[in-house]
Amino acid sequence: MPGPAPDERMRPKGRRNTQGIRVDPEAEVTHEPRQAVLSALVKHRPGVLSEVSALFSRRQFNIESLTVGPTVDDDTARMTILIEEPEPGIDQAKKQLRKLVPVISVRELEGEAVRRELALVKVSGEKPDDVNAVADMYNGQAVDASTDSVTVEITGSKQKIDAAIEAFKQFDVQEIVRTGAAALERGPKTLEKDV
């Protein structure tokens with residue numbers, strides 16, 4: 001066959017494996033996981049939450065929390081999804097979400113976005129005054145009280161909720177329920193305007 005001998009042929013630059021296939025250095029880089037808050041505007045109809053959670057399950061993304069609620073428009077709902085993944089995984093999660101039919105818009109919220117969480121903490125009712133004093137320290141309030149237990153509601157950042165739960169451990173915590181993060185971008189920017 002005419003042409004240069006194998007030793008004289010042009011060789012592409014870059015690393016190659018033993019089979020001569022080019023190795024992408026970016027694919028071999030190990031990225032540290034980070035937390036990302038994804039805000040998605042979706043059609044408000046049955047089955048959307050199932051579609052989104054199935055997507056995350058198939059792709060093996062780690063969901064830290066997922067909250068869903070209606071918006072000002074009755075036909076749309078907002079999902080706030082907190083995930084912990086390496087950078088390529090976060091980008092992939094956003095791309096995959098955008099491909100779902102009921103998803104209208106997806107955005108990763110910046111670190112300074114307003115984030116709040118709600119927790120209900122049920123503790124022993126032996127010292128109700130002390131429980132109320134701790135609740136006041138975290139701007140919480142008792143929402144239910146009996147001779148056996150006191151249930152306190154606390155709203156705030158994840159760090160505030162974690163600190164409050166730690167403080168309530170002295171009263172024999174019986175149950176804890178947390179909503180997960182709800183978040184909005186600061187300032188006039190809205191998810192609807194980016195569609």
# chains A, B, ... in the order shown; residues from 1 in each chain; ligands from 1
>>> residues_around(residues="stretch 78-81 of chain A", least_positions_apart="6", cutoff="8 Å", atoms="only C-alpha atoms", output="list of chain:residue names")
A:Val37, A:Leu38, A:Ser39, A:Ala40, A:Leu41, A:Val42, A:Ile63, A:Glu64, A:Ser65, A:Leu66, A:Thr67, A:Val68, A:Gly69, A:Pro70, A:Thr71, A:Ala181, A:Ala182, A:Ala183
>>> write_last_selection(atoms="N, CA, C and O atoms", output="PDB file, in the first residue's frame")
ATOM      1  N   VAL A  37     -27.400  23.789  45.293  1.00  0.00           N
ATOM      2  CA  VAL A  37     -28.846  23.939  45.410  1.00  0.00           C
ATOM      3  C   VAL A  37     -29.396  24.196  44.015  1.00  0.00           C
ATOM      4  O   VAL A  37     -29.080  25.208  43.395  1.00  0.00           O
ATOM      5  N   LEU A  38     -30.197  23.246  43.519  1.00  0.00           N
ATOM      6  CA  LEU A  38     -30.826  23.395  42.216  1.00  0.00           C
ATOM      7  C   LEU A  38     -32.271  23.802  42.422  1.00  0.00           C
ATOM      8  O   LEU A  38     -32.982  23.194  43.213  1.00  0.00           O
ATOM      9  N   SER A  39     -32.687  24.843  41.736  1.00  0.00           N
ATOM     10  CA  SER A  39     -34.072  25.294  41.784  1.00  0.00           C
ATOM     11  C   SER A  39     -34.687  25.005  40.425  1.00  0.00           C
ATOM     12  O   SER A  39     -34.170  25.440  39.404  1.00  0.00           O
ATOM     13  N   ALA A  40     -35.769  24.238  40.433  1.00  0.00           N
ATOM     14  CA  ALA A  40     -36.416  23.847  39.172  1.00  0.00           C
ATOM     15  C   ALA A  40     -37.873  24.262  39.188  1.00  0.00           C
ATOM     16  O   ALA A  40     -38.587  24.024  40.170  1.00  0.00           O
ATOM     17  N   LEU A  41     -38.299  24.888  38.128  1.00  0.00           N
ATOM     18  CA  LEU A  41     -39.701  25.219  37.937  1.00  0.00           C
ATOM     19  C   LEU A  41     -40.299  24.102  37.096  1.00  0.00           C
ATOM     20  O   LEU A  41     -39.769  23.790  36.020  1.00  0.00           O
ATOM     21  N   VAL A  42     -41.343  23.458  37.595  1.00  0.00           N
ATOM     22  CA  VAL A  42     -41.920  22.295  36.910  1.00  0.00           C
ATOM     23  C   VAL A  42     -43.427  22.472  36.758  1.00  0.00           C
ATOM     24  O   VAL A  42     -44.050  23.276  37.450  1.00  0.00           O
ATOM     25  N   ILE A  63     -29.127  12.828  46.660  1.00  0.00           N
ATOM     26  CA  ILE A  63     -30.010  13.924  47.051  1.00  0.00           C
ATOM     27  C   ILE A  63     -29.934  14.095  48.562  1.00  0.00           C
ATOM     28  O   ILE A  63     -30.231  13.176  49.315  1.00  0.00           O
ATOM     29  N   GLU A  64     -29.515  15.274  49.003  1.00  0.00           N
ATOM     30  CA  GLU A  64     -29.485  15.589  50.435  1.00  0.00           C
ATOM     31  C   GLU A  64     -30.883  15.974  50.912  1.00  0.00           C
ATOM     32  O   GLU A  64     -31.302  15.585  51.988  1.00  0.00           O
ATOM     33  N   SER A  65     -31.579  16.794  50.127  1.00  0.00           N
ATOM     34  CA  SER A  65     -32.967  17.139  50.448  1.00  0.00           C
ATOM     35  C   SER A  65     -33.685  17.557  49.172  1.00  0.00           C
ATOM     36  O   SER A  65     -33.054  17.983  48.202  1.00  0.00           O
ATOM     37  N   LEU A  66     -35.008  17.405  49.197  1.00  0.00           N
ATOM     38  CA  LEU A  66     -35.831  17.757  48.050  1.00  0.00           C
ATOM     39  C   LEU A  66     -37.154  18.291  48.594  1.00  0.00           C
ATOM     40  O   LEU A  66     -37.821  17.593  49.352  1.00  0.00           O
ATOM     41  N   THR A  67     -37.464  19.527  48.265  1.00  0.00           N
ATOM     42  CA  THR A  67     -38.734  20.112  48.682  1.00  0.00           C
ATOM     43  C   THR A  67     -39.493  20.569  47.450  1.00  0.00           C
ATOM     44  O   THR A  67     -38.891  20.998  46.463  1.00  0.00           O
ATOM     45  N   VAL A  68     -40.806  20.467  47.505  1.00  0.00           N
ATOM     46  CA  VAL A  68     -41.665  20.849  46.393  1.00  0.00           C
ATOM     47  C   VAL A  68     -42.831  21.645  46.939  1.00  0.00           C
ATOM     48  O   VAL A  68     -43.385  21.307  47.982  1.00  0.00           O
ATOM     49  N   GLY A  69     -43.202  22.699  46.221  1.00  0.00           N
ATOM     50  CA  GLY A  69     -44.361  23.475  46.629  1.00  0.00           C
ATOM     51  C   GLY A  69     -44.900  24.293  45.475  1.00  0.00           C
ATOM     52  O   GLY A  69     -44.212  24.513  44.468  1.00  0.00           O
ATOM     53  N   PRO A  70     -46.156  24.731  45.602  1.00  0.00           N
ATOM     54  CA  PRO A  70     -46.762  25.538  44.537  1.00  0.00           C
ATOM     55  C   PRO A  70     -46.106  26.912  44.443  1.00  0.00           C
ATOM     56  O   PRO A  70     -45.449  27.368  45.372  1.00  0.00           O
ATOM     57  N   THR A  71     -46.303  27.559  43.292  1.00  0.00           N
ATOM     58  CA  THR A  71     -45.781  28.916  43.084  1.00  0.00           C
ATOM     59  C   THR A  71     -46.972  29.870  42.942  1.00  0.00           C
ATOM     60  O   THR A  71     -48.108  29.490  43.188  1.00  0.00           O
ATOM     61  N   ALA A 181     -34.132  21.918  52.664  1.00  0.00           N
ATOM     62  CA  ALA A 181     -33.952  23.327  52.311  1.00  0.00           C
ATOM     63  C   ALA A 181     -34.991  23.817  51.310  1.00  0.00           C
ATOM     64  O   ALA A 181     -35.316  23.139  50.357  1.00  0.00           O
ATOM     65  N   ALA A 182     -35.492  25.007  51.564  1.00  0.00           N
ATOM     66  CA  ALA A 182     -36.260  25.780  50.583  1.00  0.00           C
ATOM     67  C   ALA A 182     -35.390  27.007  50.304  1.00  0.00           C
ATOM     68  O   ALA A 182     -34.833  27.596  51.234  1.00  0.00           O
ATOM     69  N   ALA A 183     -35.229  27.373  49.041  1.00  0.00           N
ATOM     70  CA  ALA A 183     -34.291  28.450  48.717  1.00  0.00           C
ATOM     71  C   ALA A 183     -34.802  29.307  47.575  1.00  0.00           C
ATOM     72  O   ALA A 183     -35.491  28.825  46.675  1.00  0.00           O
TER      73      ALA A 183
END
>>> residues_around(residues="stretch 86-92 of chain A", least_positions_apart="3", cutoff="10 Å", atoms="only C-alpha atoms", output="compact mmCIF listing (two decimals) with N, CA, C and O atoms, in the first residue's frame")
# COMPACT_ATOMS: atom_id res chain seq x y z
N GLU A 26 -9.22 15.31 31.47
CA GLU A 26 -10.34 15.80 32.28
C GLU A 26 -11.16 14.64 32.85
O GLU A 26 -11.67 14.70 33.95
N ALA A 27 -11.25 13.55 32.07
CA ALA A 27 -12.03 12.40 32.51
C ALA A 27 -11.36 11.68 33.67
O ALA A 27 -12.01 11.01 34.46
N THR A 30 -9.99 13.69 39.48
CA THR A 30 -10.96 13.43 40.55
C THR A 30 -11.39 14.77 41.13
O THR A 30 -10.57 15.57 41.57
N HIS A 31 -12.69 15.03 41.08
CA HIS A 31 -13.25 16.28 41.58
C HIS A 31 -13.80 16.05 42.97
O HIS A 31 -14.44 15.04 43.23
N GLU A 32 -13.58 17.01 43.84
CA GLU A 32 -14.12 16.93 45.20
C GLU A 32 -15.62 17.22 45.15
O GLU A 32 -16.05 18.13 44.45
N PRO A 33 -16.42 16.46 45.90
CA PRO A 33 -17.86 16.76 45.93
C PRO A 33 -18.12 18.09 46.61
O PRO A 33 -17.38 18.51 47.50
N ARG A 34 -19.18 18.76 46.18
CA ARG A 34 -19.62 20.00 46.82
C ARG A 34 -21.14 20.01 46.83
O ARG A 34 -21.80 19.31 46.07
N GLN A 35 -21.70 20.81 47.72
CA GLN A 35 -23.16 20.92 47.77
C GLN A 35 -23.63 21.96 46.77
O GLN A 35 -23.01 23.00 46.62
N ALA A 36 -24.72 21.64 46.09
CA ALA A 36 -25.32 22.57 45.14
C ALA A 36 -26.82 22.59 45.38
O ALA A 36 -27.43 21.56 45.65
N VAL A 37 -27.40 23.79 45.29
CA VAL A 37 -28.85 23.94 45.41
C VAL A 37 -29.40 24.20 44.01
O VAL A 37 -29.08 25.21 43.39
N LEU A 38 -30.20 23.25 43.52
CA LEU A 38 -30.83 23.39 42.22
C LEU A 38 -32.27 23.80 42.42
O LEU A 38 -32.98 23.19 43.21
N ARG A 59 -29.38 7.83 37.79
CA ARG A 59 -28.04 8.41 37.61
C ARG A 59 -27.19 8.32 38.87
O ARG A 59 -26.06 8.77 38.89
N GLN A 60 -27.75 7.81 39.94
CA GLN A 60 -27.08 7.64 41.23
C GLN A 60 -26.54 8.95 41.79
O GLN A 60 -25.45 9.01 42.35
N PHE A 61 -27.34 10.01 41.64
CA PHE A 61 -27.00 11.28 42.27
C PHE A 61 -27.45 11.20 43.73
O PHE A 61 -28.49 10.62 44.04
N ASN A 62 -26.68 11.82 44.61
CA ASN A 62 -27.00 11.80 46.03
C ASN A 62 -27.83 13.02 46.39
O ASN A 62 -27.33 14.14 46.41
N ILE A 83 -28.10 18.74 46.37
CA ILE A 83 -27.32 17.55 46.04
C ILE A 83 -25.87 17.76 46.44
O ILE A 83 -25.40 18.90 46.52
N LYS A 95 -28.30 19.20 33.38
CA LYS A 95 -28.62 18.85 31.98
C LYS A 95 -29.73 17.81 31.92
O LYS A 95 -30.64 17.91 31.09
N GLN A 96 -29.66 16.80 32.78
CA GLN A 96 -30.66 15.74 32.77
C GLN A 96 -32.03 16.28 33.20
O GLN A 96 -33.06 15.89 32.65
N LEU A 97 -32.05 17.17 34.20
CA LEU A 97 -33.31 17.78 34.64
C LEU A 97 -33.97 18.56 33.50
O LEU A 97 -35.17 18.48 33.29
N ARG A 98 -33.16 19.32 32.77
CA ARG A 98 -33.70 20.14 31.67
C ARG A 98 -34.33 19.29 30.57
O ARG A 98 -35.19 19.75 29.85
N GLU A 108 -28.93 26.65 39.11
CA GLU A 108 -28.21 26.43 40.35
C GLU A 108 -28.16 27.75 41.09
O GLU A 108 -27.74 28.76 40.53
>>> closest_residue(among="A:Glu117, A:Leu191, A:Phe168, A:Phe56", to="A:Glu84", atoms="only C-alpha atoms")
A:Phe56
>>> atom_distance(atom1="atom CA of A:Ala133", atom2="atom CA of A:Ala164")
11.6 Å
>>> closest_atom_pairs(of="stretch 36-120 of chain A", to="stretch 140-154 of chain A", cutoff="6 Å", atoms="only C-alpha atoms", output="tab-separated table")
residue	atom	partner	partner_atom	distance
A:Leu118	CA	A:Ile154	CA	5.8
A:Ala119	CA	A:Ile154	CA	5.3
A:Leu120	CA	A:Glu153	CA	4.7
>>> closest_residue(among="A:Arg58, A:His44, A:Lys94, A:Arg178", to="A:Thr76", atoms="only C-alpha atoms")
A:His44
>>> select_by_dssp(residues="stretch 3-194 of chain A", states="helix (DSSP H, G or I)", output="PyMOL selection string")
chain A and resi 6-8+25-28+48-58+87-99+128-137+158-171+192-194
>>> residues_around(residues="A:Arg11", least_positions_apart="3", cutoff="12 Å", atoms="only C-alpha atoms", output="list of chain:residue names")
A:Pro6, A:Asp7, A:Glu8, A:Gly14, A:Arg15, A:Arg16, A:Gly20, A:Ile21, A:Arg22
>>> select_by_dssp(residues="stretch 25-188 of chain A", states="strand (DSSP E)", output="MDAnalysis selection string")
chainID A and resid 34:43 63:70 76:85 103:109 114:124 141:145 149:156 173:178 182:184
